[in-house]
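Printed here is final38.tsv (TSV, C-alpha atoms (C1' of nucleotides)):
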```tsv
chain	number	residue	atom	x	y	z
Q	1	MET	CA	-47.00	2.49	11.54
Q	2	ILE	CA	-45.33	2.11	14.91
Q	3	GLN	CA	-44.14	-1.43	15.46
Q	4	LYS	CA	-42.63	-1.22	18.91
Q	5	PRO	CA	-44.15	1.58	20.94
Q	6	GLU	CA	-41.23	1.78	23.36
Q	7	TYR	CA	-38.93	2.71	20.49
Q	8	THR	CA	-40.55	6.13	20.38
Q	9	GLN	CA	-38.35	6.92	23.37
Q	10	THR	CA	-35.49	7.21	20.92
Q	11	TRP	CA	-37.00	10.39	19.52
Q	12	PHE	CA	-35.60	12.00	22.66
Q	13	CYS	CA	-32.10	10.61	22.15
Q	14	ILE	CA	-29.68	13.36	23.12
Q	15	SER	CA	-27.08	12.03	20.73
Q	16	ALA	CA	-29.33	11.67	17.70
Q	17	ASN	CA	-30.84	15.11	18.20
Q	18	LEU	CA	-27.42	16.65	18.68
Q	19	ARG	CA	-26.23	15.09	15.45
Q	20	LYS	CA	-29.30	16.26	13.61
Q	21	ALA	CA	-28.89	19.80	14.85
Q	22	CYS	CA	-25.21	19.57	14.10
Q	23	ARG	CA	-25.88	18.69	10.48
Q	24	ALA	CA	-28.39	21.49	10.03
Q	25	VAL	CA	-26.38	24.18	11.80
Q	26	THR	CA	-23.09	23.20	10.19
Q	27	GLN	CA	-24.64	23.55	6.77
Q	28	PHE	CA	-26.07	26.89	7.72
Q	29	TYR	CA	-22.66	28.27	8.70
Q	30	SER	CA	-20.93	26.56	5.80
Q	31	GLU	CA	-23.13	28.29	3.26
Q	32	VAL	CA	-22.28	31.66	4.72
Q	33	LEU	CA	-18.57	30.86	4.82
Q	34	LEU	CA	-18.56	29.56	1.26
Q	35	PRO	CA	-17.35	32.81	-0.37
Q	36	ALA	CA	-14.17	32.63	1.70
Q	37	GLY	CA	-13.48	29.16	0.32
Q	38	VAL	CA	-13.12	27.61	3.72
Q	39	GLU	CA	-15.08	24.82	5.37
Q	40	LYS	CA	-16.71	25.39	8.74
Q	41	THR	CA	-14.50	22.95	10.56
Q	42	GLN	CA	-11.39	24.27	8.86
Q	43	PHE	CA	-12.30	27.77	9.95
Q	44	THR	CA	-12.59	26.64	13.54
Q	45	LEU	CA	-9.15	25.09	13.34
Q	46	LEU	CA	-7.61	28.12	11.68
Q	47	VAL	CA	-9.04	30.52	14.23
Q	48	THR	CA	-7.89	28.31	17.06
Q	49	ILE	CA	-4.40	28.18	15.61
Q	50	SER	CA	-4.43	31.93	15.18
Q	51	MET	CA	-5.41	32.47	18.78
Q	52	ILE	CA	-3.02	30.01	20.37
Q	53	GLY	CA	-0.24	31.22	18.13
Q	54	GLN	CA	1.86	28.14	17.59
Q	55	PRO	CA	0.00	25.14	18.93
Q	56	THR	CA	1.10	21.54	18.78
Q	57	ILE	CA	-1.24	18.86	17.49
Q	58	THR	CA	-1.96	17.95	21.10
Q	59	ASP	CA	-2.86	21.54	21.98
Q	60	LEU	CA	-5.47	21.50	19.23
Q	61	THR	CA	-6.70	18.08	20.27
Q	62	ASP	CA	-7.34	19.42	23.77
Q	63	ALA	CA	-8.89	22.67	22.65
Q	64	LEU	CA	-11.33	21.06	20.25
Q	65	LEU	CA	-11.91	17.70	21.94
Q	66	MET	CA	-11.02	16.06	18.68
Q	67	ASP	CA	-9.20	12.82	18.24
Q	68	GLN	CA	-5.49	13.35	17.62
Q	69	THR	CA	-5.67	11.55	14.31
Q	70	THR	CA	-8.50	13.79	13.18
Q	71	VAL	CA	-6.46	16.88	13.97
Q	72	THR	CA	-3.40	15.48	12.19
Q	73	ARG	CA	-5.41	14.83	9.05
Q	74	SER	CA	-7.13	18.20	9.14
Q	75	ILE	CA	-3.80	19.93	9.49
Q	76	HIS	CA	-2.54	18.06	6.45
Q	77	LEU	CA	-5.43	19.51	4.48
Q	78	LEU	CA	-4.71	23.01	5.70
Q	79	LYS	CA	-1.08	22.56	4.73
Q	80	ALA	CA	-2.09	21.37	1.27
Q	81	LYS	CA	-4.12	24.54	0.90
Q	82	GLY	CA	-1.14	26.58	1.96
Q	83	TRP	CA	-2.82	28.05	5.02
Q	84	VAL	CA	-0.53	26.61	7.65
Q	85	THR	CA	2.96	25.22	8.00
Q	86	SER	CA	4.34	22.95	10.66
Q	87	ALA	CA	7.79	22.61	12.12
Q	88	VAL	CA	9.38	20.23	14.56
Q	89	GLY	CA	9.49	21.70	18.05
Q	90	THR	CA	12.23	21.70	20.65
Q	91	ASP	CA	10.69	18.50	21.84
Q	92	LYS	CA	11.29	16.73	18.58
Q	93	ARG	CA	8.15	14.65	18.87
Q	94	THR	CA	5.97	17.73	18.57
Q	95	ARG	CA	4.87	19.69	15.53
Q	96	LEU	CA	4.38	23.42	15.89
Q	97	VAL	CA	1.61	24.63	13.63
Q	98	THR	CA	1.66	28.20	12.34
Q	99	LEU	CA	-0.62	30.18	10.06
Q	100	THR	CA	0.88	31.35	6.80
Q	101	GLU	CA	0.18	34.83	5.51
Q	102	SER	CA	-2.36	33.30	3.18
Q	103	GLY	CA	-3.93	31.50	6.13
Q	104	ASP	CA	-4.08	34.76	8.05
Q	105	GLN	CA	-5.93	36.39	5.20
Q	106	VAL	CA	-8.40	33.57	4.88
Q	107	VAL	CA	-9.19	33.72	8.58
Q	108	ALA	CA	-9.64	37.47	8.46
Q	109	GLU	CA	-12.01	37.22	5.52
Q	110	ALA	CA	-13.91	34.25	6.90
Q	111	PHE	CA	-14.22	35.91	10.29
Q	112	GLY	CA	-16.45	38.62	8.85
Q	113	LEU	CA	-18.67	36.03	7.25
Q	114	TRP	CA	-18.73	33.97	10.41
Q	115	GLN	CA	-19.94	37.01	12.32
Q	116	GLU	CA	-22.87	37.22	9.94
Q	117	ALA	CA	-23.82	33.58	10.38
Q	118	GLN	CA	-23.39	33.77	14.13
Q	119	GLY	CA	-25.41	36.98	14.22
Q	120	GLN	CA	-28.29	35.40	12.34
Q	121	MET	CA	-28.17	32.33	14.53
Q	122	VAL	CA	-28.09	34.28	17.77
Q	123	SER	CA	-30.84	36.64	16.76
Q	124	GLY	CA	-32.91	33.70	15.58
Q	125	LEU	CA	-32.50	31.97	18.92
Q	126	GLY	CA	-32.53	35.09	21.01
Q	127	GLN	CA	-29.46	35.99	23.04
Q	128	ALA	CA	-30.75	34.31	26.19
Q	129	ASP	CA	-31.48	31.01	24.47
Q	130	ALA	CA	-28.19	31.13	22.61
Q	131	ASP	CA	-26.35	31.52	25.89
Q	132	ARG	CA	-28.43	28.78	27.46
Q	133	LEU	CA	-27.72	26.45	24.55
Q	134	LEU	CA	-23.98	26.93	24.88
Q	135	GLU	CA	-24.24	26.29	28.60
Q	136	LEU	CA	-26.18	23.10	28.10
Q	137	LEU	CA	-23.77	21.86	25.45
Q	138	GLU	CA	-20.95	22.45	27.88
Q	139	LYS	CA	-22.85	20.58	30.55
Q	140	ALA	CA	-23.51	17.67	28.20
Q	141	ILE	CA	-19.82	17.49	27.40
Q	142	SER	CA	-18.94	17.44	31.08
Q	143	VAL	CA	-21.32	14.54	31.64
Q	144	THR	CA	-19.49	12.54	29.00
Q	145	GLN	CA	-16.09	13.40	30.44
Q	146	ARG	CA	-16.64	12.26	33.98
Q	147	GLY	CA	-17.43	8.78	32.72
J	1	MET	CA	-1.01	34.29	23.27
J	2	ILE	CA	-4.02	36.00	21.73
J	3	GLN	CA	-3.15	37.59	18.44
J	4	LYS	CA	-6.45	39.09	17.39
J	5	PRO	CA	-8.65	39.80	20.39
J	6	GLU	CA	-11.85	39.89	18.37
J	7	TYR	CA	-11.35	36.28	17.39
J	8	THR	CA	-12.23	35.24	20.91
J	9	GLN	CA	-15.84	35.75	19.82
J	10	THR	CA	-15.54	32.47	17.99
J	11	TRP	CA	-15.42	30.61	21.29
J	12	PHE	CA	-19.17	31.22	21.33
J	13	CYS	CA	-19.71	29.81	17.85
J	14	ILE	CA	-22.94	27.84	17.99
J	15	SER	CA	-21.74	25.58	15.21
J	16	ALA	CA	-18.31	24.81	16.65
J	17	ASN	CA	-19.71	24.13	20.09
J	18	LEU	CA	-22.43	21.93	18.66
J	19	ARG	CA	-19.85	19.91	16.78
J	20	LYS	CA	-17.68	19.60	19.82
J	21	ALA	CA	-20.58	18.40	21.96
J	22	CYS	CA	-21.62	16.14	19.14
J	23	ARG	CA	-18.24	14.44	19.08
J	24	ALA	CA	-18.16	13.95	22.84
J	25	VAL	CA	-21.74	12.75	23.19
J	26	THR	CA	-21.61	10.48	20.15
J	27	GLN	CA	-18.58	8.74	21.57
J	28	PHE	CA	-20.30	8.38	24.90
J	29	TYR	CA	-23.29	6.60	23.36
J	30	SER	CA	-21.12	4.63	20.95
J	31	GLU	CA	-19.16	3.09	23.78
J	32	VAL	CA	-22.31	1.92	25.47
J	33	LEU	CA	-23.69	0.52	22.21
J	34	LEU	CA	-20.47	-1.28	21.37
J	35	PRO	CA	-21.50	-4.69	22.75
J	36	ALA	CA	-24.39	-4.77	20.30
J	37	GLY	CA	-21.95	-4.27	17.43
J	38	VAL	CA	-23.80	-1.30	16.04
J	39	GLU	CA	-22.66	2.27	15.54
J	40	LYS	CA	-24.64	5.10	17.07
J	41	THR	CA	-25.75	6.54	13.74
J	42	GLN	CA	-26.63	3.10	12.43
J	43	PHE	CA	-28.77	2.48	15.48
J	44	THR	CA	-30.68	5.68	14.85
J	45	LEU	CA	-31.32	4.63	11.29
J	46	LEU	CA	-32.39	1.12	12.26
J	47	VAL	CA	-34.79	2.35	14.92
J	48	THR	CA	-36.26	4.86	12.52
J	49	ILE	CA	-36.76	2.17	9.92
J	50	SER	CA	-38.35	-0.05	12.53
J	51	MET	CA	-40.78	2.66	13.55
J	52	ILE	CA	-41.79	3.80	10.09
J	53	GLY	CA	-42.05	0.22	8.97
J	54	GLN	CA	-41.09	0.40	5.32
J	55	PRO	CA	-39.67	3.81	4.59
J	56	THR	CA	-38.24	5.02	1.32
J	57	ILE	CA	-34.86	6.71	1.19
J	58	THR	CA	-36.67	10.02	1.04
J	59	ASP	CA	-38.72	9.22	4.15
J	60	LEU	CA	-35.48	8.68	6.05
J	61	THR	CA	-33.94	11.79	4.58
J	62	ASP	CA	-36.85	13.82	5.90
J	63	ALA	CA	-36.98	12.15	9.28
J	64	LEU	CA	-33.29	12.58	9.99
J	65	LEU	CA	-32.52	15.77	8.08
J	66	MET	CA	-29.74	13.91	6.33
J	67	ASP	CA	-28.63	14.37	2.80
J	68	GLN	CA	-30.17	11.80	0.49
J	69	THR	CA	-26.77	10.55	-0.57
J	70	THR	CA	-25.77	10.04	3.05
J	71	VAL	CA	-28.86	7.94	3.66
J	72	THR	CA	-28.28	5.90	0.52
J	73	ARG	CA	-24.74	5.11	1.57
J	74	SER	CA	-25.71	4.29	5.14
J	75	ILE	CA	-28.41	1.93	3.92
J	76	HIS	CA	-25.84	0.17	1.75
J	77	LEU	CA	-23.80	-0.46	4.88
J	78	LEU	CA	-26.80	-1.81	6.74
J	79	LYS	CA	-27.56	-4.09	3.81
J	80	ALA	CA	-23.98	-5.35	3.80
J	81	LYS	CA	-24.38	-6.22	7.45
J	82	GLY	CA	-27.58	-8.07	6.68
J	83	TRP	CA	-29.75	-5.86	8.84
J	84	VAL	CA	-32.01	-4.44	6.15
J	85	THR	CA	-33.18	-5.25	2.66
J	86	SER	CA	-34.58	-2.92	0.05
J	87	ALA	CA	-37.07	-3.50	-2.70
J	88	VAL	CA	-38.36	-1.37	-5.55
J	89	GLY	CA	-41.69	0.21	-4.68
J	90	THR	CA	-44.84	0.64	-6.70
J	91	ASP	CA	-43.36	3.89	-7.80
J	92	LYS	CA	-40.36	2.25	-9.41
J	93	ARG	CA	-38.06	5.11	-8.53
J	94	THR	CA	-38.40	4.41	-4.83
J	95	ARG	CA	-36.69	1.84	-2.64
J	96	LEU	CA	-38.62	0.40	0.27
J	97	VAL	CA	-36.31	-0.39	3.15
J	98	THR	CA	-37.21	-3.15	5.58
J	99	LEU	CA	-35.51	-4.61	8.65
J	100	THR	CA	-34.46	-8.22	8.41
J	101	GLU	CA	-34.98	-10.56	11.31
J	102	SER	CA	-31.32	-10.09	12.17
J	103	GLY	CA	-31.81	-6.33	12.02
J	104	ASP	CA	-34.78	-6.60	14.34
J	105	GLN	CA	-32.68	-8.48	16.86
J	106	VAL	CA	-29.87	-5.99	16.71
J	107	VAL	CA	-32.25	-3.12	17.33
J	108	ALA	CA	-33.87	-4.91	20.24
J	109	GLU	CA	-30.52	-5.63	21.83
J	110	ALA	CA	-29.11	-2.17	21.16
J	111	PHE	CA	-32.25	-0.54	22.46
J	112	GLY	CA	-31.56	-1.81	25.95
J	113	LEU	CA	-28.06	-0.44	25.82
J	114	TRP	CA	-29.26	2.83	24.40
J	115	GLN	CA	-31.64	3.20	27.33
J	116	GLU	CA	-28.65	2.92	29.64
J	117	ALA	CA	-26.69	5.60	27.83
J	118	GLN	CA	-29.68	7.86	27.58
J	119	GLY	CA	-30.45	7.28	31.26
J	120	GLN	CA	-26.95	8.27	32.29
J	121	MET	CA	-27.03	11.30	30.07
J	122	VAL	CA	-30.43	12.49	31.28
J	123	SER	CA	-29.61	11.96	34.93
J	124	GLY	CA	-26.28	13.72	34.41
J	125	LEU	CA	-28.02	16.70	32.88
J	126	GLY	CA	-31.11	16.53	35.01
J	127	GLN	CA	-34.46	15.92	33.36
J	128	ALA	CA	-35.30	19.60	33.09
J	129	ASP	CA	-32.04	20.51	31.39
J	130	ALA	CA	-32.27	17.49	29.12
J	131	ASP	CA	-35.70	18.63	27.98
J	132	ARG	CA	-34.49	22.18	27.59
J	133	LEU	CA	-31.53	21.03	25.53
J	134	LEU	CA	-33.75	19.11	23.13
J	135	GLU	CA	-36.00	22.14	22.83
J	136	LEU	CA	-33.12	24.44	22.05
J	137	LEU	CA	-31.68	22.04	19.49
J	138	GLU	CA	-35.07	21.98	17.81
J	139	LYS	CA	-35.16	25.74	17.86
J	140	ALA	CA	-31.69	25.98	16.38
J	141	ILE	CA	-32.73	23.65	13.60
J	142	SER	CA	-35.78	25.75	12.86
J	143	VAL	CA	-33.62	28.85	12.59
J	144	THR	CA	-31.53	27.16	9.92
J	145	GLN	CA	-34.59	25.98	8.04
J	146	ARG	CA	-36.31	29.30	7.57
J	147	GLY	CA	-33.19	30.67	5.93
M	1	DT	C1'	-49.24	10.32	-26.94
M	2	DC	C1'	-44.80	13.24	-27.05
M	3	DG	C1'	-41.56	15.89	-24.92
M	4	DC	C1'	-40.18	18.70	-20.96
M	5	DT	C1'	-39.88	18.97	-16.03
M	6	DT	C1'	-39.65	17.04	-11.66
M	7	DT	C1'	-38.71	13.44	-8.52
M	8	DA	C1'	-36.12	9.49	-6.34
M	9	DC	C1'	-32.00	7.34	-6.16
M	10	DA	C1'	-27.07	6.22	-7.30
M	11	DT	C1'	-22.22	7.45	-8.07
M	12	DG	C1'	-17.79	10.19	-8.04
M	13	DT	C1'	-15.30	12.87	-5.10
M	14	DA	C1'	-13.88	15.19	-0.95
M	15	DT	C1'	-13.87	16.33	3.89
M	16	DA	C1'	-14.83	14.91	8.94
M	17	DT	C1'	-14.11	11.69	12.30
M	18	DA	C1'	-12.31	7.94	15.11
M	19	DC	C1'	-10.13	3.29	16.36
M	20	DA	C1'	-6.17	0.26	16.13
M	21	DT	C1'	-1.69	0.37	15.55
M	22	DG	C1'	3.09	1.81	14.31
M	23	DT	C1'	7.26	4.88	15.11
M	24	DA	C1'	10.32	7.91	17.17
M	25	DA	C1'	11.58	10.74	20.89
M	26	DA	C1'	11.41	11.95	25.79
M	27	DA	C1'	11.25	10.45	30.70
M	28	DG	C1'	12.41	7.62	34.48
M	29	DG	C1'	14.43	4.03	37.10
M	30	DA	C1'	18.17	0.64	38.10
Z	1	DT	C1'	24.23	4.86	30.81
Z	2	DC	C1'	20.79	1.18	29.41
Z	3	DC	C1'	16.16	-0.44	29.37
Z	4	DT	C1'	11.29	0.18	29.97
Z	5	DT	C1'	7.48	3.15	29.81
Z	6	DT	C1'	5.17	7.06	28.28
Z	7	DT	C1'	4.23	10.63	25.09
Z	8	DA	C1'	3.42	12.86	20.45
Z	9	DC	C1'	2.42	12.03	15.97
Z	10	DA	C1'	1.52	9.34	11.66
Z	11	DT	C1'	-0.76	5.71	8.99
Z	12	DG	C1'	-4.22	2.06	7.66
Z	13	DT	C1'	-8.88	1.40	7.64
Z	14	DA	C1'	-13.73	2.31	8.14
Z	15	DT	C1'	-17.82	5.05	8.83
Z	16	DA	C1'	-20.34	9.75	8.47
Z	17	DT	C1'	-21.50	13.36	5.69
Z	18	DA	C1'	-22.45	16.33	1.76
Z	19	DC	C1'	-22.03	18.51	-3.02
Z	20	DA	C1'	-22.14	17.93	-7.99
Z	21	DT	C1'	-23.86	15.19	-11.16
Z	22	DG	C1'	-25.90	11.18	-13.63
Z	23	DT	C1'	-30.01	8.05	-14.56
Z	24	DA	C1'	-34.47	6.35	-14.73
Z	25	DA	C1'	-39.21	6.79	-13.71
Z	26	DA	C1'	-43.30	9.68	-12.86
Z	27	DG	C1'	-45.99	13.91	-13.87
Z	28	DC	C1'	-47.81	17.13	-16.91
Z	29	DG	C1'	-49.01	20.20	-20.53
Z	30	DA	C1'	-49.93	20.61	-25.58
```
Any chance you could put this one into structure tokens?
Amino acid sequence: MIQKPEYTQTWFCISANLRKACRAVTQFYSEVLLPAGVEKTQFTLLVTISMIGQPTITDLTDALLMDQTTVTRSIHLLKAKGWVTSAVGTDKRTRLVTLTESGDQVVAEAFGLWQEAQGQMVSGLGQADADRLLELLEKAISVTQRG
Amino acid sequence: MIQKPEYTQTWFCISANLRKACRAVTQFYSEVLLPAGVEKTQFTLLVTISMIGQPTITDLTDALLMDQTTVTRSIHLLKAKGWVTSAVGTDKRTRLVTLTESGDQVVAEAFGLWQEAQGQMVSGLGQADADRLLELLEKAISVTQRG
DNA sequence: TCGCTTTACATGTATATACATGTAAAAGGA
DNA sequence: TCCTTTTACATGTATATACATGTAAAGCGA
């Protein structure tokens, strides 16, 4: 029962389809990561922290294109779980975030599981399409950034 | 300062990149939809309701690949805003969701704005890449569904 | 028809996310 | 140095999202 035929255009909404895929794919990865006791988004944060070494909140905001308040709150969670600590930097406005030993272990364990999920996803898509998808996501982001 | 070189693999995480793009693109559309006073995700729901006509919660769950509880809560919000009503169906377990007149108007108004956002996005990507992106998102979803 | 199973929602709880705004520290100019 | 502006975070509030679980109605077999 289509009431307004032109509304069918919205089936091709880039945003809605991205969100839909996001929900499905996030759950897929989350299930695989479950045994490590870490959420998908938390894992991304932890790995990013591990790679940067001692990022500030702003560093993470830039790396993940997340709102600063979102990063702050996520870090609080990670602190509550004992996976990271934060200290005031030389610039006393900043907070330097560091993985704890426990956080290090969680990342190491989750990394193996992540590789599984990623492997399944990439082989399901095919390497070429996986690459192409990442490219297009990047391109979509750049469209939003240049206003 | 890379601590564990193998962790750089996670830069290619399909899930993380999807989420990142999702955040950026959702904000892009949301800004355009702002004048209509409707959130991006709410717009998607409203349009879907408009097109199906009188969906149940389950119909919406299937159409949007959302968790049932997420749909239930979103519908509550739409009801609070006076954009939809729900009634018990013939099968008394179901709830039939219908747009109110006010909801109809909001959709109509937001649809125009959505077309703008979508137009900018598609022209930014190029029609071919936009199509390809939707295809790949669909493919990614299908990979998650066949477990 | 009775009782068990399944289905369709609703609720409690927790994380993810962002906007508006507040606070403190750094930066810069007079 | 003092004052204004900018920067880096934190907090209040609201929506988005899902898992575990609860409840009521429908389906179904004996």
**Message:** Residues within 10 Å of (-17.3, 20.8, -7.3), file coordinates, counting all atoms listed in the file: what are they? Give the list as a VMD selection string.
**Reply:** (chain M and resid 13 to 14) or (chain Z and resid 19 to 21)
**Asked** Quick one: which residues from chain J are at most 10 Å off chain Z, using only C-alpha atoms (C1' of nucleotides), as a PyMOL selection string?
**Response** chain J and resi 39+41-42+66-71+73-74+77+91-94
**Request:** Specify as a ChimeraX atom specification all residues of chain J found within 8 Å of chain Q, counting all atoms listed in the file.
**Result:** /J:1-4,7-8,10,12-26,28-29,41,44,47,50-53,64-66,111,118,121,124-125,129-130,133-134,136-141,143-145
Would you output that residue set with C-alpha atoms, as a compact mmCIF listing (two decimals), in the frame of the given file?
```txt
# COMPACT_ATOMS: atom_id res chain seq x y z
CA MET J 1 -1.01 34.29 23.27
CA ILE J 2 -4.02 36.00 21.73
CA GLN J 3 -3.15 37.59 18.44
CA LYS J 4 -6.45 39.09 17.39
CA TYR J 7 -11.35 36.28 17.39
CA THR J 8 -12.23 35.24 20.91
CA THR J 10 -15.54 32.47 17.99
CA PHE J 12 -19.17 31.22 21.33
CA CYS J 13 -19.71 29.81 17.85
CA ILE J 14 -22.94 27.84 17.99
CA SER J 15 -21.74 25.58 15.21
CA ALA J 16 -18.31 24.81 16.65
CA ASN J 17 -19.71 24.13 20.09
CA LEU J 18 -22.43 21.93 18.66
CA ARG J 19 -19.85 19.91 16.78
CA LYS J 20 -17.68 19.60 19.82
CA ALA J 21 -20.58 18.40 21.96
CA CYS J 22 -21.62 16.14 19.14
CA ARG J 23 -18.24 14.44 19.08
CA ALA J 24 -18.16 13.95 22.84
CA VAL J 25 -21.74 12.75 23.19
CA THR J 26 -21.61 10.48 20.15
CA PHE J 28 -20.30 8.38 24.90
CA TYR J 29 -23.29 6.60 23.36
CA THR J 41 -25.75 6.54 13.74
CA THR J 44 -30.68 5.68 14.85
CA VAL J 47 -34.79 2.35 14.92
CA SER J 50 -38.35 -0.05 12.53
CA MET J 51 -40.78 2.66 13.55
CA ILE J 52 -41.79 3.80 10.09
CA GLY J 53 -42.05 0.22 8.97
CA LEU J 64 -33.29 12.58 9.99
CA LEU J 65 -32.52 15.77 8.08
CA MET J 66 -29.74 13.91 6.33
CA PHE J 111 -32.25 -0.54 22.46
CA GLN J 118 -29.68 7.86 27.58
CA MET J 121 -27.03 11.30 30.07
CA GLY J 124 -26.28 13.72 34.41
CA LEU J 125 -28.02 16.70 32.88
CA ASP J 129 -32.04 20.51 31.39
CA ALA J 130 -32.27 17.49 29.12
CA LEU J 133 -31.53 21.03 25.53
CA LEU J 134 -33.75 19.11 23.13
CA LEU J 136 -33.12 24.44 22.05
CA LEU J 137 -31.68 22.04 19.49
CA GLU J 138 -35.07 21.98 17.81
CA LYS J 139 -35.16 25.74 17.86
CA ALA J 140 -31.69 25.98 16.38
CA ILE J 141 -32.73 23.65 13.60
CA VAL J 143 -33.62 28.85 12.59
CA THR J 144 -31.53 27.16 9.92
CA GLN J 145 -34.59 25.98 8.04
```
**Request:** May I have the residues of chain M within 10 Å of chain Q, counting all atoms listed in the file, written as a ChimeraX atom specification?
**Result:** /M:15-19,24-26
**Request:** Using CA of Val32 in chain Q and CA of Trp83 in chain Q as the two end points, give the distance in Å to one decimal.
**Result:**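 Distance reported for this atom pair: 19.8 Å.
Across the model, the gap from C1' of DT6 in chain M to CA of Ile57 in chain J is 17.2 Å.
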**Request:** Rounded to one decimal place, report the CA of Leu33 in chain J-CA of Lys81 in chain J distance in Å.
**Result:** 16.2 Å
**Asked** Using all atoms listed in the file, which residue out of J:Ala80, J:Leu34, J:Ile75, J:Ala128 lies closest to DC9 in chain M?
**Response**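 Under the stated criterion, the closest residue is J:Ile75.
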